[in-house]
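Beneath this line is the structure, given in structure tokens, with notes to follow.
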Amino acid sequence: MDNNKNLNFFEEISIYIRKLTGYNLTLSPKEIKILEEAFNKGTPPDTIKKLIKEEIKKYPPEKRKKFSVLLLEEKIKNIKKTPKKHSPPKNKPKNVPEELREIVVENLTINQIWKSLPQEEKKKIIKAAVEKMKKGFILSNIDQKKVLRSIIRKIIKEKYINGGSYEKDR
């Protein structure tokens, strides 16, 4: 996890809370932990800001100094990140024969998706791919890195491009 992005996330949320409450509130260690879990899950700051704004609106201005992210713990934990259908990359491949163009675009799309996934999701996909590899292959007869990479690409394609779920194949 990139600590700089993490700090920017906390700072952005903290500043937003100060702006809405009108008080110089600081985040407690428990609040930071809740936000860190949301950050690791890939929850965008705007989603958390929306929840914070809705909760703060319930308080009269003179009681807003009592606001705490802890009040939103369950709502933040229950945020479902819906997998989005990814579109092909904007820059089309050049100097590629027409019959291979679709494959190249698919590979570029898969690479783009992989780079944008949160670490937790990458770990889940890798774990599922390793399990598939162990079940379906004789490990001494294969190039494990290539097979693992191929299975990961297949999982990403099924889950994010075709809109399915890799968990059903397990």
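Each chain of the structure tokens is named A, B, ... in the order shown, its residues numbered from 1; ligands are numbered from 1 in display order.
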Residues of stretch 8-109 of chain A within 9 Å of stretch 120-126 of chain A: nearest atom pair and distance (Å, one decimal) for each, counting only C-alpha atoms, sorted by chain and number, as a Markdown table?
```
| residue | atom | partner | partner_atom | distance |
| --- | --- | --- | --- | --- |
| A:Asn40 | CA | A:Glu120 | CA | 6.6 |
| A:Lys41 | CA | A:Glu120 | CA | 6.4 |
| A:Gly42 | CA | A:Glu120 | CA | 8.4 |
```
How would the residues just chosen look if you wrote them out with N, CA and C atoms as an mmCIF file, in the first residue's frame?
```cif
data_model
loop_
_atom_site.group_PDB
_atom_site.id
_atom_site.type_symbol
_atom_site.label_atom_id
_atom_site.label_comp_id
_atom_site.auth_asym_id
_atom_site.auth_seq_id
_atom_site.Cartn_x
_atom_site.Cartn_y
_atom_site.Cartn_z
ATOM 1 N N ASN A 40 -8.119 0.172 1.931
ATOM 2 C CA ASN A 40 -7.558 -1.083 1.418
ATOM 3 C C ASN A 40 -8.559 -1.852 0.568
ATOM 4 N N LYS A 41 -9.827 -1.675 0.870
ATOM 5 C CA LYS A 41 -10.884 -2.331 0.111
ATOM 6 C C LYS A 41 -11.103 -1.635 -1.231
ATOM 7 N N GLY A 42 -10.540 -0.432 -1.363
ATOM 8 C CA GLY A 42 -10.678 0.301 -2.618
ATOM 9 C C GLY A 42 -11.868 1.238 -2.650
#
```
**OP:** Give me the residues within 10 Å of A:Leu35 as a ChimeraX atom specification, counting only C-alpha atoms and dropping any in the same chain fewer than 4 places off.
**Re:** /A:6,9-10,13,27,29-31,39-41,43,45,48,69-70,73,76-77
**OP:** List the neighbours of stretch 51-65 of chain A out to 7 Å using only C-alpha atoms; skip same-chain residues closer than 4 positions along the sequence, and give me the result as a list of chain:residue names.
**Re:**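 Final neighbour list, sorted by chain and number: A:Thr21, A:Tyr23, A:Thr47.
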Original post:
In Å, with one decimal, what is the gap from atom CA of A:Lys159 to atom CA of A:Asn78?
Top reply: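 Atom CA of A:Lys159 sits 20.7 Å away from atom CA of A:Asn78.
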Original post:
Using only C-alpha atoms, which residues sit within 8 Å of A:Ile113 once same-chain residues fewer than 4 positions away are excluded, as a list in words?
Top reply: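 Answer for this query is His86, Thr109, Leu117, Ile156 and Tyr160 of chain A.
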Subject >> Per-residue DSSP, chain A, filtered to helix (DSSP H, G or I), as a ChimeraX atom specification >> reply: /A:3-21,29-41,45-57,61-66,69-77,98-116,119-136,139-141,144-161,166-169
